[in-house]
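Chemist: Structure: my_file_19.cif, mmCIF, C-alpha atoms.
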```cif
data_entry
loop_
_atom_site.group_PDB
_atom_site.id
_atom_site.type_symbol
_atom_site.label_atom_id
_atom_site.label_comp_id
_atom_site.auth_asym_id
_atom_site.auth_seq_id
_atom_site.Cartn_x
_atom_site.Cartn_y
_atom_site.Cartn_z
ATOM 1 C CA MET Y 1 5.326 -17.487 11.360
ATOM 2 C CA ASP Y 2 2.546 -17.851 13.899
ATOM 3 C CA ASN Y 3 -0.390 -15.598 13.031
ATOM 4 C CA SER Y 4 -1.995 -15.692 16.464
ATOM 5 C CA VAL Y 5 -2.449 -12.145 17.698
ATOM 6 C CA THR Y 6 -3.676 -11.156 21.098
ATOM 7 C CA ILE Y 7 -4.913 -7.623 21.528
ATOM 8 C CA ASP Y 8 -4.192 -7.694 25.225
ATOM 9 C CA ARG Y 9 -0.708 -8.907 26.188
ATOM 10 C CA GLU Y 10 -1.854 -10.095 29.607
ATOM 11 C CA VAL Y 11 -4.420 -12.379 27.994
ATOM 12 C CA ALA Y 12 -1.701 -13.747 25.707
ATOM 13 C CA GLU Y 13 0.466 -14.652 28.667
ATOM 14 C CA SER Y 14 -2.349 -16.232 30.660
ATOM 15 C CA ARG Y 15 -3.941 -18.126 27.772
ATOM 16 C CA GLN Y 16 -3.116 -21.798 27.827
ATOM 17 C CA LEU Y 17 -3.819 -23.604 24.550
ATOM 18 C CA GLY Y 18 -3.713 -27.346 24.084
ATOM 19 C CA THR Y 19 -1.154 -29.039 21.861
ATOM 20 C CA SER Y 20 -3.483 -29.042 18.886
ATOM 21 C CA SER Y 21 -3.638 -25.940 16.694
ATOM 22 C CA SER Y 22 -7.149 -26.862 15.600
ATOM 23 C CA PRO Y 23 -10.016 -24.859 17.081
ATOM 24 C CA LEU Y 24 -12.059 -28.040 17.321
ATOM 25 C CA GLN Y 25 -11.164 -30.646 19.918
ATOM 26 C CA SER Y 26 -13.127 -33.513 21.361
ATOM 27 C CA SER Y 27 -11.904 -32.961 24.919
ATOM 28 C CA ALA Y 28 -12.971 -29.338 25.324
ATOM 29 C CA SER Y 29 -16.315 -27.969 26.433
ATOM 30 C CA GLY Y 30 -18.837 -26.369 24.109
ATOM 31 C CA ARG Y 31 -20.407 -28.656 21.532
ATOM 32 C CA THR Y 32 -20.884 -27.351 17.989
ATOM 33 C CA SER Y 33 -23.766 -28.179 15.646
ATOM 34 C CA SER Y 34 -21.606 -30.716 13.788
ATOM 35 C CA GLY Y 35 -21.163 -32.756 16.959
ATOM 36 C CA THR Y 36 -17.555 -31.746 17.563
ATOM 37 C CA TYR Y 37 -16.383 -29.737 20.528
ATOM 38 C CA LEU Y 38 -15.124 -26.187 20.382
ATOM 39 C CA ARG Y 39 -11.993 -25.269 22.325
ATOM 40 C CA ILE Y 40 -12.827 -22.533 24.847
ATOM 41 C CA PRO Y 41 -9.899 -20.418 26.087
ATOM 42 C CA PRO Y 42 -9.719 -20.364 29.877
ATOM 43 C CA SER Y 43 -10.806 -17.284 31.803
ATOM 44 C CA LEU Y 44 -10.908 -14.606 29.143
ATOM 45 C CA PRO Y 45 -11.864 -11.279 30.666
ATOM 46 C CA PRO Y 46 -15.294 -10.230 29.349
ATOM 47 C CA THR Y 47 -14.040 -6.975 27.783
ATOM 48 C CA LYS Y 48 -11.015 -8.352 25.924
ATOM 49 C CA THR Y 49 -10.861 -9.335 22.273
ATOM 50 C CA THR Y 50 -8.417 -12.058 21.347
ATOM 51 C CA LEU Y 51 -7.590 -13.107 17.799
ATOM 52 C CA ASP Y 52 -6.477 -16.597 16.843
ATOM 53 C CA LEU Y 53 -5.712 -15.939 13.195
ATOM 54 C CA ASP Y 54 -4.362 -19.421 12.486
ATOM 55 C CA ALA Y 55 -7.731 -20.849 13.515
ATOM 56 C CA TYR Y 56 -9.745 -18.031 11.854
ATOM 57 C CA LEU Y 57 -11.297 -17.179 15.229
ATOM 58 C CA ALA Y 58 -11.864 -14.099 17.315
ATOM 59 C CA TRP Y 59 -12.855 -14.366 20.965
ATOM 60 C CA VAL Y 60 -15.071 -11.457 21.964
ATOM 61 C CA ALA Y 61 -16.202 -11.372 25.593
ATOM 62 C CA GLY Y 62 -15.388 -15.077 25.826
ATOM 63 C CA HIS Y 63 -17.480 -16.019 22.783
ATOM 64 C CA PRO Y 64 -15.932 -17.370 19.571
ATOM 65 C CA ILE Y 65 -16.611 -15.574 16.290
ATOM 66 C CA SER Y 66 -15.468 -17.176 13.055
ATOM 67 C CA LEU Y 67 -13.414 -14.870 10.883
ATOM 68 C CA ARG Y 68 -14.154 -14.771 7.179
ATOM 69 C CA PRO Y 69 -11.134 -15.416 4.917
ATOM 70 C CA MET Y 70 -10.745 -11.777 3.806
ATOM 71 C CA GLU Y 71 -11.113 -10.574 7.411
ATOM 72 C CA GLN Y 72 -8.390 -12.972 8.468
ATOM 73 C CA ARG Y 73 -6.086 -11.897 5.620
ATOM 74 C CA LEU Y 74 -6.497 -8.207 6.479
ATOM 75 C CA LEU Y 75 -5.881 -8.812 10.176
ATOM 76 C CA VAL Y 76 -2.765 -10.857 9.379
ATOM 77 C CA LEU Y 77 -1.426 -8.019 7.208
ATOM 78 C CA LEU Y 78 -2.075 -5.465 9.943
ATOM 79 C CA SER Y 79 -0.769 -7.672 12.750
ATOM 80 C CA ASN Y 80 2.535 -8.079 10.905
ATOM 81 C CA SER Y 81 3.072 -4.328 11.521
ATOM 82 C CA PRO Y 82 1.414 -3.585 14.868
ATOM 83 C CA ASN Y 83 1.139 0.090 15.823
ATOM 84 C CA ARG Y 84 2.303 1.124 12.341
ATOM 85 C CA VAL Y 85 0.269 2.557 9.512
ATOM 86 C CA VAL Y 86 -0.093 0.185 6.565
ATOM 87 C CA ALA Y 87 -0.872 2.013 3.330
ATOM 88 C CA ALA Y 88 -4.352 1.426 1.937
ATOM 89 C CA GLU Y 89 -2.861 0.923 -1.536
ATOM 90 C CA ASP Y 90 -0.655 -1.899 -0.220
ATOM 91 C CA LEU Y 91 -3.604 -3.530 1.532
ATOM 92 C CA VAL Y 92 -5.791 -3.341 -1.589
ATOM 93 C CA VAL Y 93 -3.091 -4.956 -3.741
ATOM 94 C CA ALA Y 94 -2.429 -7.684 -1.140
ATOM 95 C CA LEU Y 95 -6.126 -8.449 -0.668
ATOM 96 C CA TYR Y 96 -7.609 -7.946 -4.121
ATOM 97 C CA GLY Y 97 -4.735 -7.940 -6.599
ATOM 98 C CA SER Y 98 -4.846 -5.670 -9.624
ATOM 99 C CA ILE Y 99 -8.295 -4.196 -9.114
ATOM 100 C CA ASP Y 100 -9.405 -0.660 -9.961
ATOM 101 C CA ARG Y 101 -8.056 1.707 -7.297
ATOM 102 C CA ASP Y 102 -11.437 3.204 -6.356
ATOM 103 C CA ALA Y 103 -13.181 -0.178 -6.307
ATOM 104 C CA GLY Y 104 -10.422 -1.561 -4.104
ATOM 105 C CA ARG Y 105 -10.759 1.297 -1.613
ATOM 106 C CA VAL Y 106 -14.529 0.779 -1.449
ATOM 107 C CA ARG Y 107 -14.062 -2.953 -0.812
ATOM 108 C CA LEU Y 108 -11.418 -2.291 1.845
ATOM 109 C CA ARG Y 109 -13.611 0.295 3.579
ATOM 110 C CA ARG Y 110 -16.540 -2.184 3.611
ATOM 111 C CA LEU Y 111 -14.307 -4.960 4.954
ATOM 112 C CA VAL Y 112 -13.062 -2.750 7.794
ATOM 113 C CA THR Y 113 -16.635 -1.705 8.623
ATOM 114 C CA ASP Y 114 -17.709 -5.362 8.787
ATOM 115 C CA ILE Y 115 -14.786 -6.281 11.055
ATOM 116 C CA ARG Y 116 -15.526 -3.398 13.423
ATOM 117 C CA LYS Y 117 -19.200 -4.359 13.659
ATOM 118 C CA ARG Y 118 -18.548 -8.059 14.143
ATOM 119 C CA LEU Y 119 -15.748 -7.729 16.710
ATOM 120 C CA GLY Y 120 -17.264 -4.981 18.821
ATOM 121 C CA GLU Y 121 -16.438 -1.545 20.153
ATOM 122 C CA GLU Y 122 -13.281 -2.529 22.060
ATOM 123 C CA PHE Y 123 -11.674 -3.908 18.906
ATOM 124 C CA ALA Y 124 -13.053 -1.116 16.698
ATOM 125 C CA GLN Y 125 -11.090 1.397 18.789
ATOM 126 C CA ARG Y 126 -7.898 -0.530 18.048
ATOM 127 C CA LEU Y 127 -8.456 -0.838 14.296
ATOM 128 C CA ARG Y 128 -7.907 2.751 13.250
ATOM 129 C CA THR Y 129 -8.143 4.536 9.934
ATOM 130 C CA VAL Y 130 -5.538 7.162 9.106
ATOM 131 C CA HIS Y 131 -7.437 9.413 6.713
ATOM 132 C CA LYS Y 132 -6.281 9.051 3.072
ATOM 133 C CA ILE Y 133 -3.240 7.006 4.140
ATOM 134 C CA GLY Y 134 -4.140 3.576 5.514
ATOM 135 C CA LEU Y 135 -4.936 1.495 8.568
ATOM 136 C CA VAL Y 136 -3.214 0.728 11.846
ATOM 137 C CA LEU Y 137 -3.863 -2.049 14.363
ATOM 138 C CA VAL Y 138 -3.085 -0.646 17.806
ATOM 139 C CA THR Y 139 -2.013 -3.165 20.421
ATOM 140 C CA ALA Y 140 -3.059 -2.999 24.065
ATOM 141 C CA GLY Y 141 -1.195 -0.422 26.087
ATOM 142 C CA ASP Y 142 -0.772 1.884 23.105
ATOM 143 C CA THR Y 143 -4.244 3.396 22.878
ATOM 144 C CA GLN Y 144 -4.584 7.095 23.536
ATOM 145 C CA GLU Y 145 -7.011 6.520 26.409
ATOM 146 C CA GLU Y 146 -4.398 4.444 28.257
ATOM 147 C CA ARG Y 147 -1.570 6.996 27.935
#
```
Turn the structure described in the file into structure tokens.

Modeler:
Amino acid sequence: MDNSVTIDREVAESRQLGTSSSPLQSSASGRTSSGTYLRIPPSLPPTKTTLDLDAYLAWVAGHPISLRPMEQRLLVLLSNSPNRVVAAEDLVVALYGSIDRDAGRVRLRRLVTDIRKRLGEEFAQRLRTVHKIGLVLVTAGDTQEER
């Protein structure tokens, strides 16, 4: 299963990726500190957030942000059920295994806070908490402001 998720469907349709699934390519623009080149997606609108979960990358306002492993795992779990609430208990077990319930909730809450801060306000509005139940990743076109 491909874990690439695009928050905005129009960006998904217009995004043209090369044949390589690696985020680093020698033919793209944008040199990294290691001397390799970073693949830049063409013409991303400045207010859209795009996730490339296979490459552990988020594109925020056209700039790449590396996703940490736990961030990527959480986003994969949520993206497998877009627009549906995923129970916090299920997320804690999937992410942390058999950890104390309260400790797991604290870790999950901190992880969600970090993701919202790192990926910006536009994405934070799409990653919603359902009080005492779980989390939901809302796809573009399904936010309350757009209805």

Chemist: Using only C-alpha atoms, determine which residues lie at most 10 Å from Arg73 in chain Y, disregarding the query and same-chain residues fewer than 5 positions distant; provide the list as a tab-separated table (two decimals) with C-alpha atoms, in the coordinates of the input.

Modeler:
```tsv
chain	number	residue	atom	x	y	z
Y	53	LEU	CA	-5.71	-15.94	13.20
Y	56	TYR	CA	-9.74	-18.03	11.85
Y	67	LEU	CA	-13.41	-14.87	10.88
Y	68	ARG	CA	-14.15	-14.77	7.18
Y	78	LEU	CA	-2.08	-5.46	9.94
Y	79	SER	CA	-0.77	-7.67	12.75
Y	91	LEU	CA	-3.60	-3.53	1.53
Y	94	ALA	CA	-2.43	-7.68	-1.14
Y	95	LEU	CA	-6.13	-8.45	-0.67
```

Chemist: Please provide as an mmCIF file with C-alpha atoms, in the frame of the given file all residues within 9 Å of Glu122 in chain Y, with the sequence filter that same-chain residues fewer than 2 positions apart are discarded (counting only C-alpha atoms).

Modeler:
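File selection.cif, as written:
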```cif
data_model
loop_
_atom_site.group_PDB
_atom_site.id
_atom_site.type_symbol
_atom_site.label_atom_id
_atom_site.label_comp_id
_atom_site.auth_asym_id
_atom_site.auth_seq_id
_atom_site.Cartn_x
_atom_site.Cartn_y
_atom_site.Cartn_z
ATOM 1 C CA THR Y 47 -14.040 -6.975 27.783
ATOM 2 C CA LYS Y 48 -11.015 -8.352 25.924
ATOM 3 C CA THR Y 49 -10.861 -9.335 22.273
ATOM 4 C CA ARG Y 116 -15.526 -3.398 13.423
ATOM 5 C CA LEU Y 119 -15.748 -7.729 16.710
ATOM 6 C CA GLY Y 120 -17.264 -4.981 18.821
ATOM 7 C CA ALA Y 124 -13.053 -1.116 16.698
ATOM 8 C CA GLN Y 125 -11.090 1.397 18.789
ATOM 9 C CA ARG Y 126 -7.898 -0.530 18.048
#
```

Chemist: Find the distance between CA of Asp90 in chain Y and CA of Asp114 in chain Y and write it in Å to one decimal.

Modeler: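 Computed distance, CA of Asp90 in chain Y to CA of Asp114 in chain Y, equals 19.6 Å.
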
Chemist: Taking all atoms listed in the file into account, name the residue in Y:Leu74, Y:Val112, Y:Ile99, Y:Val106 that is nearest to Arg128 in chain Y.

Modeler: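 Result for the nearest residue to Arg128 in chain Y: Y:Val112.
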
Chemist: What separation in Å, quoted to one decimal, exists between CA of Asn83 in chain Y and CA of Asp54 in chain Y?

Modeler: 20.5 Å

Chemist: Hey, what comes out of the PyMOL selection byres ((chain Y and resi 134) around 8) on this file? Could you write it as a PDB file with C-alpha atoms, in the coordinates of the input?

Modeler:
```
ATOM      1  CA  VAL Y  85       0.269   2.557   9.512  1.00  0.00           C
ATOM      2  CA  VAL Y  86      -0.093   0.185   6.565  1.00  0.00           C
ATOM      3  CA  ALA Y  87      -0.872   2.013   3.330  1.00  0.00           C
ATOM      4  CA  ALA Y  88      -4.352   1.426   1.937  1.00  0.00           C
ATOM      5  CA  GLU Y  89      -2.861   0.923  -1.536  1.00  0.00           C
ATOM      6  CA  THR Y 129      -8.143   4.536   9.934  1.00  0.00           C
ATOM      7  CA  VAL Y 130      -5.538   7.162   9.106  1.00  0.00           C
ATOM      8  CA  HIS Y 131      -7.437   9.413   6.713  1.00  0.00           C
ATOM      9  CA  LYS Y 132      -6.281   9.051   3.072  1.00  0.00           C
ATOM     10  CA  ILE Y 133      -3.240   7.006   4.140  1.00  0.00           C
ATOM     11  CA  LEU Y 135      -4.936   1.495   8.568  1.00  0.00           C
ATOM     12  CA  VAL Y 136      -3.214   0.728  11.846  1.00  0.00           C
TER      13      VAL Y 136
END
```

Chemist: Compare Y:Asp102, Y:Thr113, Y:Thr50, Y:Val93 by their minimum atom-to-atom distance to Glu71 in chain Y, counting all atoms listed in the file, and give me the closest one.

Modeler: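 Ranking Y:Asp102, Y:Thr113, Y:Thr50, Y:Val93 by distance to Glu71 in chain Y, first place goes to Y:Thr113.
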
Chemist: Out of Y:Arg109, Y:His63, Y:Val92, Y:Ala55, which residue has the shortest atom-to-atom distance to Leu77 in chain Y when counting only C-alpha atoms?

Modeler: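 Selected residue with least distance to Leu77 in chain Y: Y:Val92.
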
Chemist: What is the distance between CA of Asp100 in chain Y and CA of Leu137 in chain Y, in Å to one decimal?

Modeler: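 Those two atoms sit 25.0 Å apart.
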